[in-house]
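For reference, work.tsv is printed below; it contains TSV, C-alpha atoms and all ligand atoms.
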chain	number	residue	atom	x	y	z
A	1	MET	CA	-67.78	14.25	-31.85
A	2	GLY	CA	-68.99	11.06	-33.47
A	3	SER	CA	-65.98	11.00	-35.76
A	4	ARG	CA	-63.46	10.63	-32.92
A	5	SER	CA	-61.56	7.44	-33.19
A	6	LEU	CA	-60.47	4.98	-30.53
A	7	GLN	CA	-56.91	5.90	-31.51
A	8	ASP	CA	-57.46	9.30	-29.85
A	9	ILE	CA	-58.80	8.06	-26.52
A	10	GLY	CA	-56.58	9.03	-23.61
A	11	PRO	CA	-56.11	7.24	-20.30
A	12	LEU	CA	-58.63	7.46	-17.47
A	13	THR	CA	-57.54	8.96	-14.20
A	14	TRP	CA	-58.93	7.90	-10.84
A	15	PRO	CA	-59.26	10.56	-8.17
A	16	GLY	CA	-56.62	9.87	-5.53
A	17	VAL	CA	-54.61	7.43	-7.67
A	18	PRO	CA	-51.16	8.66	-8.77
A	19	LEU	CA	-50.51	8.68	-12.51
A	20	GLY	CA	-49.07	5.34	-13.63
A	21	ALA	CA	-50.30	3.38	-10.58
A	22	PRO	CA	-52.73	0.57	-11.42
A	23	LEU	CA	-56.38	1.66	-11.33
A	24	ILE	CA	-58.29	-0.63	-9.02
A	25	VAL	CA	-62.05	-1.08	-9.01
A	26	ALA	CA	-63.28	-3.35	-6.25
A	27	GLY	CA	-66.53	-4.34	-4.64
A	28	PRO	CA	-69.03	-7.12	-4.44
A	29	CYS	CA	-70.42	-8.82	-7.51
A	30	SER	CA	-73.84	-7.62	-6.34
A	31	ALA	CA	-75.31	-5.22	-3.84
A	32	GLU	CA	-77.46	-7.58	-1.78
A	33	SER	CA	-78.59	-5.43	1.13
A	34	GLU	CA	-77.81	-1.98	2.45
A	35	GLN	CA	-75.77	-3.44	5.28
A	36	GLN	CA	-73.71	-5.75	3.04
A	37	THR	CA	-73.05	-2.88	0.60
A	38	LEU	CA	-71.96	-0.48	3.33
A	39	GLU	CA	-69.82	-3.06	5.12
A	40	ALA	CA	-67.94	-3.86	1.89
A	41	ALA	CA	-67.57	-0.19	0.99
A	42	ARG	CA	-66.21	0.75	4.43
A	43	GLN	CA	-63.69	-2.08	4.50
A	44	LEU	CA	-62.56	-1.47	0.93
A	45	SER	CA	-62.18	2.24	1.53
A	46	GLU	CA	-60.05	1.45	4.58
A	47	ILE	CA	-57.62	-0.56	2.45
A	48	GLY	CA	-57.28	2.37	0.04
A	49	ILE	CA	-59.72	1.48	-2.75
A	50	LYS	CA	-60.94	4.59	-4.57
A	51	VAL	CA	-63.56	3.12	-6.89
A	52	PHE	CA	-66.32	0.91	-5.53
A	53	ARG	CA	-68.23	-1.48	-7.78
A	54	ALA	CA	-71.49	-3.30	-7.10
A	55	GLY	CA	-74.00	-4.74	-9.55
A	56	ILE	CA	-77.66	-4.01	-8.90
A	57	TRP	CA	-79.04	-5.27	-12.21
A	58	LYS	CA	-77.47	-8.68	-12.73
A	59	PRO	CA	-77.74	-10.44	-16.07
A	60	ARG	CA	-77.69	-14.11	-15.10
A	61	THR	CA	-77.22	-16.91	-17.56
A	62	MET	CA	-80.01	-19.03	-16.04
A	63	PRO	CA	-83.44	-17.72	-14.98
A	64	GLY	CA	-84.05	-18.10	-11.29
A	65	GLY	CA	-80.54	-16.96	-10.33
A	66	PHE	CA	-80.16	-13.83	-8.22
A	67	GLU	CA	-80.95	-11.04	-10.68
A	68	GLY	CA	-79.96	-8.16	-8.47
A	69	VAL	CA	-81.95	-5.90	-6.18
A	70	GLY	CA	-82.72	-3.36	-8.92
A	71	ASP	CA	-83.30	0.36	-8.43
A	72	ARG	CA	-83.71	0.05	-4.66
A	73	GLY	CA	-79.95	-0.65	-4.48
A	74	LEU	CA	-79.09	2.79	-5.85
A	75	PRO	CA	-79.56	4.63	-2.51
A	76	TRP	CA	-77.30	2.03	-0.84
A	77	LEU	CA	-74.56	2.78	-3.35
A	78	LEU	CA	-75.01	6.51	-2.92
A	79	ARG	CA	-74.75	6.16	0.85
A	80	ALA	CA	-71.60	4.07	0.44
A	81	GLY	CA	-70.16	6.80	-1.79
A	82	ARG	CA	-71.10	9.59	0.63
A	83	GLU	CA	-69.68	7.80	3.66
A	84	THR	CA	-66.39	6.73	2.11
A	85	GLY	CA	-65.72	9.28	-0.62
A	86	MET	CA	-65.20	6.49	-3.14
A	87	SER	CA	-66.39	6.86	-6.74
A	88	LEU	CA	-69.19	4.49	-7.64
A	89	ALA	CA	-69.49	2.04	-10.51
A	90	THR	CA	-72.39	-0.15	-11.52
A	91	GLU	CA	-73.42	-2.24	-14.51
A	92	VAL	CA	-76.01	-1.04	-17.01
A	93	ALA	CA	-77.66	-3.29	-19.56
A	94	THR	CA	-80.72	-1.33	-20.70
A	95	VAL	CA	-81.79	2.23	-21.40
A	96	GLU	CA	-83.78	2.21	-18.13
A	97	HIS	CA	-80.66	1.24	-16.18
A	98	VAL	CA	-78.70	4.07	-17.81
A	99	HIS	CA	-81.36	6.65	-16.93
A	100	ALA	CA	-81.72	5.39	-13.37
A	101	ALA	CA	-77.94	5.32	-12.77
A	102	LEU	CA	-77.39	8.76	-14.35
A	103	ASP	CA	-80.29	10.29	-12.43
A	104	ALA	CA	-78.81	8.92	-9.21
A	105	GLY	CA	-75.43	10.48	-10.10
A	106	ILE	CA	-73.38	7.27	-10.44
A	107	SER	CA	-70.18	8.42	-12.14
A	108	ILE	CA	-68.89	5.16	-13.64
A	109	LEU	CA	-71.06	2.78	-15.64
A	110	TRP	CA	-69.87	-0.51	-17.01
A	111	VAL	CA	-71.42	-2.58	-19.75
A	112	GLY	CA	-71.25	-6.32	-19.11
A	113	ALA	CA	-70.09	-9.09	-21.37
A	114	ARG	CA	-73.55	-10.34	-22.30
A	115	THR	CA	-74.60	-6.83	-23.33
A	116	SER	CA	-71.48	-5.81	-25.25
A	117	ALA	CA	-72.11	-8.85	-27.48
A	118	ASN	CA	-75.36	-7.28	-28.68
A	119	PRO	CA	-75.00	-4.32	-31.08
A	120	PHE	CA	-78.69	-3.32	-30.73
A	121	ALA	CA	-78.39	-3.13	-26.95
A	122	MET	CA	-75.08	-1.24	-27.28
A	123	GLN	CA	-76.63	1.33	-29.61
A	124	ASP	CA	-79.58	1.84	-27.26
A	125	ILE	CA	-77.21	2.36	-24.35
A	126	ALA	CA	-75.03	4.73	-26.38
A	127	ASP	CA	-78.10	6.79	-27.38
A	128	ALA	CA	-79.22	6.97	-23.76
A	129	LEU	CA	-75.77	8.24	-22.75
A	130	ARG	CA	-75.63	11.02	-25.35
A	131	GLY	CA	-75.12	14.39	-23.72
A	132	HIS	CA	-73.71	12.90	-20.50
A	133	ASP	CA	-70.05	13.38	-21.29
A	134	GLU	CA	-69.21	13.71	-17.58
A	135	VAL	CA	-69.76	9.97	-17.10
A	136	THR	CA	-67.06	7.30	-17.37
A	137	VAL	CA	-68.02	4.15	-19.29
A	138	LEU	CA	-66.16	0.85	-19.13
A	139	VAL	CA	-67.00	-1.74	-21.77
A	140	LYS	CA	-66.31	-5.36	-20.87
A	141	ASN	CA	-65.35	-7.69	-23.68
A	142	PRO	CA	-68.27	-9.54	-25.26
A	143	VAL	CA	-68.76	-13.13	-24.10
A	144	ASN	CA	-67.59	-14.44	-27.45
A	145	PRO	CA	-63.98	-13.91	-28.54
A	146	ASP	CA	-64.67	-11.40	-31.29
A	147	LEU	CA	-62.44	-8.33	-31.29
A	148	ASP	CA	-64.64	-6.47	-33.79
A	149	LEU	CA	-67.68	-6.85	-31.57
A	150	TRP	CA	-65.71	-5.31	-28.67
A	151	LEU	CA	-64.38	-2.52	-30.88
A	152	GLY	CA	-67.86	-1.88	-32.25
A	153	ALA	CA	-69.31	-1.64	-28.74
A	154	LEU	CA	-66.61	0.88	-27.75
A	155	GLN	CA	-67.10	2.85	-30.95
A	156	ARG	CA	-70.85	3.15	-30.35
A	157	ILE	CA	-70.22	4.67	-26.89
A	158	LEU	CA	-67.56	6.96	-28.31
A	159	GLY	CA	-69.94	7.94	-31.11
A	160	ALA	CA	-72.36	9.19	-28.44
A	161	GLY	CA	-69.73	11.71	-27.33
A	162	ILE	CA	-68.48	9.77	-24.31
A	163	HIS	CA	-64.73	10.16	-24.23
A	164	ARG	CA	-64.08	8.98	-20.67
A	165	LEU	CA	-64.00	5.50	-22.03
A	166	GLY	CA	-62.15	2.33	-21.00
A	167	ALA	CA	-62.30	-1.42	-21.56
A	168	VAL	CA	-62.34	-4.38	-19.20
A	169	HIS	CA	-60.98	-7.76	-20.21
A	170	ARG	CA	-62.96	-10.50	-18.41
A	171	GLY	CA	-62.26	-13.50	-20.63
A	172	PHE	CA	-64.44	-15.38	-23.07
A	173	SER	CA	-66.99	-18.18	-22.77
A	174	SER	CA	-65.90	-21.44	-24.30
A	175	ALA	CA	-67.28	-24.94	-24.48
A	176	GLY	CA	-65.68	-27.81	-22.59
A	177	GLU	CA	-63.73	-27.99	-19.39
A	178	HIS	CA	-61.07	-25.39	-18.77
A	179	LEU	CA	-58.88	-24.32	-15.92
A	180	TYR	CA	-60.53	-20.92	-15.86
A	181	ARG	CA	-64.18	-19.96	-15.87
A	182	ASN	CA	-63.58	-17.71	-18.88
A	183	ASP	CA	-60.80	-18.25	-21.37
A	184	PRO	CA	-58.42	-15.26	-21.23
A	185	GLN	CA	-57.33	-15.37	-24.91
A	186	TRP	CA	-54.88	-12.59	-24.03
A	187	HIS	CA	-54.12	-11.83	-27.67
A	188	ILE	CA	-57.57	-10.21	-28.02
A	189	PRO	CA	-56.97	-7.38	-25.50
A	190	PHE	CA	-53.46	-7.10	-26.99
A	191	GLU	CA	-55.09	-6.48	-30.37
A	192	LEU	CA	-57.50	-4.03	-28.76
A	193	ARG	CA	-54.47	-2.11	-27.48
A	194	ARG	CA	-53.24	-1.72	-31.05
A	195	HIS	CA	-56.54	-0.09	-32.02
A	196	ALA	CA	-56.69	2.12	-28.93
A	197	PRO	CA	-53.10	2.67	-27.75
A	198	GLY	CA	-53.90	5.32	-25.13
A	199	MET	CA	-57.15	3.89	-23.78
A	200	THR	CA	-57.31	2.43	-20.27
A	201	ILE	CA	-57.69	-1.35	-20.38
A	202	LEU	CA	-58.41	-3.06	-17.08
A	203	CYS	CA	-58.32	-6.78	-16.40
A	204	ASP	CA	-61.01	-8.57	-14.37
A	205	PRO	CA	-59.22	-11.61	-12.93
A	206	SER	CA	-62.29	-12.53	-10.85
A	207	HIS	CA	-64.49	-13.35	-13.85
A	208	ILE	CA	-61.60	-14.87	-15.83
A	209	GLY	CA	-60.54	-17.23	-13.05
A	210	GLY	CA	-63.90	-17.98	-11.48
A	211	LYS	CA	-62.15	-19.11	-8.27
A	212	ARG	CA	-60.63	-16.90	-5.63
A	213	GLU	CA	-57.26	-18.65	-5.71
A	214	TYR	CA	-56.77	-17.62	-9.34
A	215	VAL	CA	-57.34	-13.92	-8.68
A	216	GLU	CA	-53.80	-13.10	-7.55
A	217	PRO	CA	-51.83	-14.99	-10.24
A	218	LEU	CA	-54.09	-13.66	-12.99
A	219	ALA	CA	-53.84	-10.13	-11.60
A	220	GLN	CA	-50.04	-10.36	-11.58
A	221	GLN	CA	-50.02	-11.71	-15.11
A	222	ALA	CA	-52.27	-8.85	-16.22
A	223	LEU	CA	-50.01	-6.21	-14.67
A	224	ASP	CA	-46.95	-7.87	-16.19
A	225	MET	CA	-48.63	-7.65	-19.56
A	226	GLY	CA	-49.25	-3.95	-19.22
A	227	PHE	CA	-52.92	-3.73	-18.25
A	228	ASP	CA	-53.68	-0.38	-16.66
A	229	GLY	CA	-55.52	-1.77	-13.68
A	230	LEU	CA	-57.84	-4.38	-12.25
A	231	MET	CA	-61.50	-4.89	-11.49
A	232	ILE	CA	-61.73	-7.34	-8.59
A	233	GLU	CA	-64.82	-8.69	-6.86
A	234	SER	CA	-64.70	-8.39	-3.10
A	235	HIS	CA	-67.34	-9.36	-0.54
A	236	CYS	CA	-67.01	-9.37	3.26
A	237	HIS	CA	-68.52	-12.89	3.45
A	238	PRO	CA	-67.79	-14.45	0.05
A	239	ASP	CA	-69.24	-17.85	0.91
A	240	GLN	CA	-72.61	-16.25	1.57
A	241	ALA	CA	-72.58	-14.10	-1.59
A	242	LEU	CA	-75.73	-14.38	-3.68
A	243	SER	CA	-73.75	-14.29	-6.95
A	244	ASP	CA	-70.24	-15.34	-7.97
A	245	SER	CA	-69.48	-16.64	-4.51
A	246	ALA	CA	-66.47	-18.81	-5.46
A	247	GLN	CA	-64.49	-15.98	-7.02
A	248	GLN	CA	-64.91	-13.21	-4.46
A	249	VAL	CA	-62.18	-12.33	-1.98
A	250	THR	CA	-62.60	-10.51	1.31
A	251	PRO	CA	-61.33	-6.93	1.56
A	252	GLN	CA	-58.53	-8.25	3.81
A	253	GLN	CA	-57.55	-10.85	1.22
A	254	LEU	CA	-57.66	-8.14	-1.42
A	255	LYS	CA	-55.38	-5.98	0.70
A	256	SER	CA	-52.80	-8.81	0.88
A	257	ILE	CA	-53.10	-9.48	-2.84
A	258	LEU	CA	-52.55	-5.82	-3.68
A	259	GLU	CA	-49.57	-5.62	-1.32
A	260	ARG	CA	-47.93	-8.62	-3.00
A	261	LEU	CA	-48.57	-7.54	-6.58
A	262	VAL	CA	-45.43	-6.34	-8.30
A	263	VAL	CA	-45.88	-3.35	-10.55
A	264	ARG	CA	-43.17	-3.34	-13.21
A	265	SER	CA	-42.50	-0.25	-15.21
A	266	GLY	CA	-41.98	-1.83	-18.64
A	267	THR	CA	-45.08	-2.59	-20.64
A	268	LEU	CA	-45.43	-5.65	-22.76
A	269	LEU	CA	-48.95	-5.10	-23.95
A	270	ASP	CA	-47.81	-3.70	-27.26
A	271	ASP	CA	-44.70	-5.85	-27.54
A	272	GLU	CA	-44.77	-8.01	-30.66
A	273	LEU	CA	-42.91	-10.94	-29.06
A	274	ALA	CA	-45.18	-10.95	-26.00
A	275	LEU	CA	-48.20	-11.00	-28.27
A	276	LEU	CA	-46.89	-14.00	-30.17
A	277	ARG	CA	-45.93	-15.84	-26.98
A	278	GLN	CA	-49.37	-15.27	-25.62
A	279	GLN	CA	-50.84	-16.88	-28.72
A	280	ILE	CA	-48.60	-19.90	-28.10
A	281	ASP	CA	-49.85	-20.07	-24.51
A	282	ASP	CA	-53.44	-19.91	-25.74
A	283	CYS	CA	-52.78	-22.73	-28.24
A	284	ASP	CA	-51.23	-24.87	-25.50
A	285	HIS	CA	-54.22	-24.31	-23.21
A	286	GLU	CA	-56.50	-25.48	-26.02
A	287	LEU	CA	-54.26	-28.48	-26.77
A	288	LEU	CA	-54.26	-29.61	-23.16
A	289	ALA	CA	-58.03	-29.21	-22.81
A	290	VAL	CA	-58.55	-31.28	-25.98
A	291	LEU	CA	-56.12	-33.94	-24.79
A	292	ALA	CA	-57.93	-34.21	-21.48
A	293	ARG	CA	-61.24	-34.57	-23.32
A	294	ARG	CA	-59.77	-37.24	-25.61
A	295	MET	CA	-58.52	-39.24	-22.62
A	296	SER	CA	-61.91	-39.07	-20.99
A	297	VAL	CA	-63.56	-40.45	-24.17
A	298	ALA	CA	-60.85	-43.14	-24.30
A	299	ARG	CA	-61.73	-44.21	-20.74
A	300	GLN	CA	-65.42	-44.39	-21.72
A	301	ILE	CA	-64.44	-46.67	-24.62
A	302	GLY	CA	-62.32	-48.71	-22.20
A	303	ARG	CA	-65.34	-49.27	-19.96
A	304	PHE	CA	-67.38	-50.35	-23.00
A	305	LYS	CA	-64.67	-52.81	-24.10
A	306	LYS	CA	-64.46	-54.24	-20.60
A	307	ALA	CA	-68.23	-54.66	-20.40
A	308	HIS	CA	-68.24	-56.46	-23.76
A	309	ASN	CA	-65.15	-58.52	-23.08
A	310	MET	CA	-63.21	-56.95	-25.96
A	311	ARG	CA	-59.46	-56.52	-26.31
A	312	VAL	CA	-58.06	-53.08	-25.55
A	313	VAL	CA	-56.09	-52.72	-28.78
A	314	GLN	CA	-57.88	-53.39	-32.04
A	315	PRO	CA	-55.06	-53.43	-34.65
A	316	THR	CA	-57.17	-52.42	-37.68
A	317	ARG	CA	-58.69	-49.46	-35.84
A	318	TYR	CA	-55.19	-48.37	-34.73
A	319	HIS	CA	-53.78	-48.63	-38.25
A	320	ASP	CA	-56.73	-46.76	-39.84
A	321	MET	CA	-56.64	-44.02	-37.20
A	322	ILE	CA	-52.89	-43.32	-37.56
A	323	LYS	CA	-53.13	-43.30	-41.36
A	324	ALA	CA	-56.14	-40.95	-41.36
A	325	ARG	CA	-54.38	-38.56	-38.95
A	326	ILE	CA	-51.19	-38.53	-41.04
A	327	ASP	CA	-53.20	-37.66	-44.16
A	328	GLU	CA	-55.08	-34.94	-42.32
A	329	GLY	CA	-51.83	-33.61	-40.81
A	330	SER	CA	-50.21	-33.50	-44.28
A	331	SER	CA	-53.08	-31.42	-45.61
A	332	LEU	CA	-52.34	-28.98	-42.75
A	333	ASP	CA	-48.60	-28.92	-43.64
A	334	LEU	CA	-47.56	-31.04	-40.66
A	335	PRO	CA	-44.65	-33.40	-41.43
A	336	VAL	CA	-45.66	-37.10	-41.61
A	337	GLU	CA	-43.07	-38.16	-39.08
A	338	PHE	CA	-44.20	-35.53	-36.57
A	339	THR	CA	-47.90	-36.41	-36.81
A	340	GLN	CA	-47.04	-40.08	-36.47
A	341	ARG	CA	-44.97	-39.50	-33.32
A	342	VAL	CA	-47.59	-37.29	-31.68
A	343	MET	CA	-50.49	-39.63	-32.50
A	344	GLN	CA	-48.56	-42.67	-31.34
A	345	ALA	CA	-47.80	-41.01	-28.02
A	346	ILE	CA	-51.44	-40.03	-27.55
A	347	HIS	CA	-52.67	-43.49	-28.51
A	348	GLU	CA	-50.19	-45.12	-26.18
A	349	GLU	CA	-51.51	-43.09	-23.26
A	350	SER	CA	-55.14	-43.91	-24.18
A	351	VAL	CA	-54.27	-47.61	-24.19
A	352	ARG	CA	-52.48	-47.30	-20.86
A	353	GLN	CA	-55.52	-45.63	-19.31
A	354	GLN	CA	-57.85	-48.30	-20.75
A	355	ILE	CA	-55.64	-51.11	-19.46
A	356	ASP	CA	-55.74	-49.52	-16.02
A	357	LEU	CA	-59.52	-50.00	-16.09
A	358	PHE	CA	-59.07	-53.72	-16.72
A	359	SER	CA	-56.78	-54.32	-13.79
B	401	LIG	C1	-69.90	-8.48	-13.13
B	401	LIG	O1	-68.92	-7.74	-13.25
B	401	LIG	O2	-70.43	-8.75	-12.05
B	401	LIG	C2	-70.41	-9.16	-14.34
B	401	LIG	C3	-71.64	-9.64	-14.42
B	401	LIG	O3	-69.48	-9.27	-15.24
B	401	LIG	P1	-69.44	-9.92	-16.72
B	401	LIG	O4	-70.30	-9.05	-17.57
B	401	LIG	O5	-67.99	-9.80	-17.03
B	401	LIG	O6	-69.92	-11.34	-16.62
B	402	MN	MN	-69.81	-11.12	-10.90

File written out as structure tokens:
Amino acid sequence: MGSRSLQDIGPLTWPGVPLGAPLIVAGPCSAESEQQTLEAARQLSEIGIKVFRAGIWKPRTMPGGFEGVGDRGLPWLLRAGRETGMSLATEVATVEHVHAALDAGISILWVGARTSANPFAMQDIADALRGHDEVTVLVKNPVNPDLDLWLGALQRILGAGIHRLGAVHRGFSSAGEHLYRNDPQWHIPFELRRHAPGMTILCDPSHIGGKREYVEPLAQQALDMGFDGLMIESHCHPDQALSDSAQQVTPQQLKSILERLVVRSGTLLDDELALLRQQIDDCDHELLAVLARRMSVARQIGRFKKAHNMRVVQPTRYHDMIKARIDEGSSLDLPVEFTQRVMQAIHEESVRQQIDLFS
């Protein structure tokens, strides 16, 4: 059992979802009360959702945030499952969570991004799952962009004899300001696909985007790239949600999103060219974020110069900066002329923004 490889993992099937159709998991970030859980479950079931998610143990980055209702949320989930016929999914982060969820009969467990980054926690969870090969386990990518850590987490679960195994791409934490809450770094799930060609890989556009308006475009991108389905956070009153309020959509909004999504038959996820293009896109995202940061520092310098009655352009500083960048560029195999042109353009814009502050 333990010697099975990720290469052998087959796709997950969802009861009631035709083969090849995207697998959709939807539900609130957290179960907050019995009424909120049931209301979401009923509305999501009405729009055709077959797998209902809700977190009851919530790992929050900061203490004092809403950390979930704990075990008392399990009967709410079970009631939602009984009333709607949907399969149930919840997050587990400790051995106690695994036991409680298994004892309650929850059929799908997911491991969150903060937990999959910790091999000790993953091994404990895997050991607690041993012997429960009826359960489905979804492993979210670790918070840090490390493919091996993700693979290791999946292998530990597989090693415990769990073969109903899938992955969820939810993006990666990164420093600085970015368009999305979590950087997609699409090449990492692409690489995962190469290691586990038959395994179900879902995309979680809610946690990648962090804002509800990004859910649909990210979901479409994910389907276009050959993800097998989506995990989407949905709450009947998103603005009142106790966790991840900005990224949740109502069941009605989710219905419209799902109706508009185009499912194309071709898959790009293992296409070499798509993989390379995605890496270019990732590089450009990084470039733009760095440029924006540089301009913000330039404006800070501009305010300092204004306060100290200094000129905007200091010729020696300009000369030294361009020369240093050309030397650094050369050591990275960038042609002198190219580095010069790029740095001049960047400098010119910094100067323009500083001059604006003077006027
Ligand atoms: C979640 O799905 O609610 C969650 C906490 O996700 P992640 O582990 O991706 O942050
Ligand atoms: Mn969430």

Would you tabulate, counting all atoms listed in the file, all residues of chain A that have an atom at most 12 Å from an atom of ligand MN 402 (chain B), showing the closest pair of atoms and their distance in Å to one decimal, sorted by chain then ascending number, as CSV?
residue,atom,partner,partner_atom,distance
A:Ala26,CA,B:MN402,MN,11.2
A:Gly27,CA,B:MN402,MN,9.8
A:Pro28,CA,B:MN402,MN,7.6
A:Cys29,CA,B:MN402,MN,4.1
A:Ser30,CA,B:MN402,MN,7.0
A:Ala31,CA,B:MN402,MN,10.7
A:Arg53,CA,B:MN402,MN,10.3
A:Ala54,CA,B:MN402,MN,8.9
A:Gly55,CA,B:MN402,MN,7.8
A:Ile56,CA,B:MN402,MN,10.8
A:Trp57,CA,B:MN402,MN,11.0
A:Lys58,CA,B:MN402,MN,8.2
A:Pro59,CA,B:MN402,MN,9.5
A:Arg60,CA,B:MN402,MN,9.4
A:Thr61,CA,B:MN402,MN,11.5
A:Phe66,CA,B:MN402,MN,11.0
A:Glu67,CA,B:MN402,MN,11.1
A:Gly68,CA,B:MN402,MN,10.8
A:Thr90,CA,B:MN402,MN,11.3
A:Glu91,CA,B:MN402,MN,10.2
A:Gly112,CA,B:MN402,MN,9.6
A:Ala113,CA,B:MN402,MN,10.7
A:Arg170,CA,B:MN402,MN,10.2
A:Arg181,CA,B:MN402,MN,11.6
A:Asp204,CA,B:MN402,MN,9.8
A:Pro205,CA,B:MN402,MN,10.8
A:Ser206,CA,B:MN402,MN,7.7
A:His207,CA,B:MN402,MN,6.5
A:Ile208,CA,B:MN402,MN,10.3
A:Gly209,CA,B:MN402,MN,11.3
A:Gly210,CA,B:MN402,MN,9.1
A:Lys211,CA,B:MN402,MN,11.4
A:Met231,CA,B:MN402,MN,10.4
A:Ile232,CA,B:MN402,MN,9.2
A:Glu233,CA,B:MN402,MN,6.9
A:Ser234,CA,B:MN402,MN,9.7
A:His235,CA,B:MN402,MN,10.8
A:Pro238,CA,B:MN402,MN,11.6
A:Ala241,CA,B:MN402,MN,10.2
A:Leu242,CA,B:MN402,MN,9.9
A:Ser243,CA,B:MN402,MN,6.4
A:Asp244,CA,B:MN402,MN,5.2
A:Ser245,CA,B:MN402,MN,8.5
A:Ala246,CA,B:MN402,MN,10.0
A:Gln247,CA,B:MN402,MN,8.2
A:Gln248,CA,B:MN402,MN,8.4
A:Val249,CA,B:MN402,MN,11.8

May I have the protein, DNA and RNA residues with an atom at most 12 Å from (-54.7, 7.3, -8.0), counting only C-alpha atoms in the file's coordinates, returned as a ChimeraX atom specification?
/A:12-25,48-51,86-87,228-229

If you count only C-alpha atoms, which residues fall within 10 Å of region 335-343 of chain A, apart from same-chain ones fewer than 6 positions away, as a PDB file with C-alpha atoms, keeping the file's coordinate frame?
ATOM      1  CA  MET A 321     -56.640 -44.020 -37.200  1.00  0.00           C
ATOM      2  CA  ILE A 322     -52.890 -43.320 -37.560  1.00  0.00           C
ATOM      3  CA  LYS A 323     -53.130 -43.300 -41.360  1.00  0.00           C
ATOM      4  CA  ARG A 325     -54.380 -38.560 -38.950  1.00  0.00           C
ATOM      5  CA  ILE A 326     -51.190 -38.530 -41.040  1.00  0.00           C
ATOM      6  CA  ASP A 327     -53.200 -37.660 -44.160  1.00  0.00           C
ATOM      7  CA  GLU A 328     -55.080 -34.940 -42.320  1.00  0.00           C
ATOM      8  CA  GLY A 329     -51.830 -33.610 -40.810  1.00  0.00           C
ATOM      9  CA  GLU A 349     -51.510 -43.090 -23.260  1.00  0.00           C
TER      10      GLU A 349
END

Would you compute the distance between CA of Pro142 (chain A) and CA of Gln155 (chain A)? Give it in Å to one decimal.
13.7 Å

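Going from CA of Leu129 (chain A) to CA of Arg114 (chain A) covers 18.7 Å.
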
Identify, on the basis of all atoms listed in the file, every residue whose closest approach to region 222-224 of chain A does not exceed 9 Å; exclude the query and any residue fewer than 3 positions from it along the same chain; express the result as a PDB file with C-alpha atoms, in the coordinates of the input.
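The resulting file, result.pdb, is reproduced below:
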ATOM      1  CA  PRO A  22     -52.730   0.570 -11.420  1.00  0.00           C
ATOM      2  CA  LEU A 202     -58.410  -3.060 -17.080  1.00  0.00           C
ATOM      3  CA  CYS A 203     -58.320  -6.780 -16.400  1.00  0.00           C
ATOM      4  CA  ASP A 204     -61.010  -8.570 -14.370  1.00  0.00           C
ATOM      5  CA  PRO A 205     -59.220 -11.610 -12.930  1.00  0.00           C
ATOM      6  CA  PRO A 217     -51.830 -14.990 -10.240  1.00  0.00           C
ATOM      7  CA  LEU A 218     -54.090 -13.660 -12.990  1.00  0.00           C
ATOM      8  CA  ALA A 219     -53.840 -10.130 -11.600  1.00  0.00           C
ATOM      9  CA  PHE A 227     -52.920  -3.730 -18.250  1.00  0.00           C
ATOM     10  CA  ASP A 228     -53.680  -0.380 -16.660  1.00  0.00           C
ATOM     11  CA  GLY A 229     -55.520  -1.770 -13.680  1.00  0.00           C
ATOM     12  CA  LEU A 230     -57.840  -4.380 -12.250  1.00  0.00           C
ATOM     13  CA  LEU A 261     -48.570  -7.540  -6.580  1.00  0.00           C
ATOM     14  CA  VAL A 262     -45.430  -6.340  -8.300  1.00  0.00           C
ATOM     15  CA  VAL A 263     -45.880  -3.350 -10.550  1.00  0.00           C
ATOM     16  CA  ARG A 264     -43.170  -3.340 -13.210  1.00  0.00           C
ATOM     17  CA  SER A 265     -42.500  -0.250 -15.210  1.00  0.00           C
ATOM     18  CA  GLY A 266     -41.980  -1.830 -18.640  1.00  0.00           C
ATOM     19  CA  THR A 267     -45.080  -2.590 -20.640  1.00  0.00           C
ATOM     20  CA  LEU A 268     -45.430  -5.650 -22.760  1.00  0.00           C
ATOM     21  CA  LEU A 269     -48.950  -5.100 -23.950  1.00  0.00           C
TER      22      LEU A 269
END

What is the CA of Gln220 (chain A) to CA of Leu154 (chain A) distance in Å?
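Taking CA of Gln220 (chain A) as the start and CA of Leu154 (chain A) as the end point, the length is 25.7 Å.
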
Protein/DNA/RNA residues near (-53.8, -2.2, -28.0), cut 12 Å, only C-alpha atoms, as JSON, numbers by chain
{"A": [6, 7, 9, 147, 151, 166, 167, 169, 186, 187, 188, 189, 190, 191, 192, 193, 194, 195, 196, 197, 198, 199, 200, 201, 202, 225, 226, 227, 228, 267, 268, 269, 270, 271, 272, 275]}

Go through A:Arg164, A:Arg352, A:His237, A:Lys140 and flag the residue nearest ligand LIG 401 (chain B), using all atoms listed in the file for the distances.
A:Lys140

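Between ligand LIG 401 (chain B) and the residues A:Thr84, A:Gln344, A:Asn182, A:Ser33, the shortest atom-to-atom distance, using all atoms listed in the file, involves A:Asn182.
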
Pick from A:Glu259, A:Asp183, A:Asp281, A:Asp320, whichever lies nearest to ligand LIG 401 (chain B) using all atoms listed in the file
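For ligand LIG 401 (chain B), the nearest of the given residues is A:Asp183.
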
For Ile125 (chain A), which residue out of A:Thr94, A:Ser331, A:Gln240, A:Gln353 is the nearest one, using only C-alpha atoms?
A:Thr94

May I ask which of the residues A:Ile346, A:Ile280, A:Leu149, A:Val215 is the closest one to Tyr318 (chain A), counting only C-alpha atoms?
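When distances to Tyr318 (chain A) are compared using only C-alpha atoms, the smallest one comes from A:Ile346.
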
Using all atoms listed in the file, which of A:Leu165, A:Leu258, A:Asp127, A:Ala175 sits nearest Asp8 (chain A)?
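The closest residue to Asp8 (chain A) is A:Leu165.
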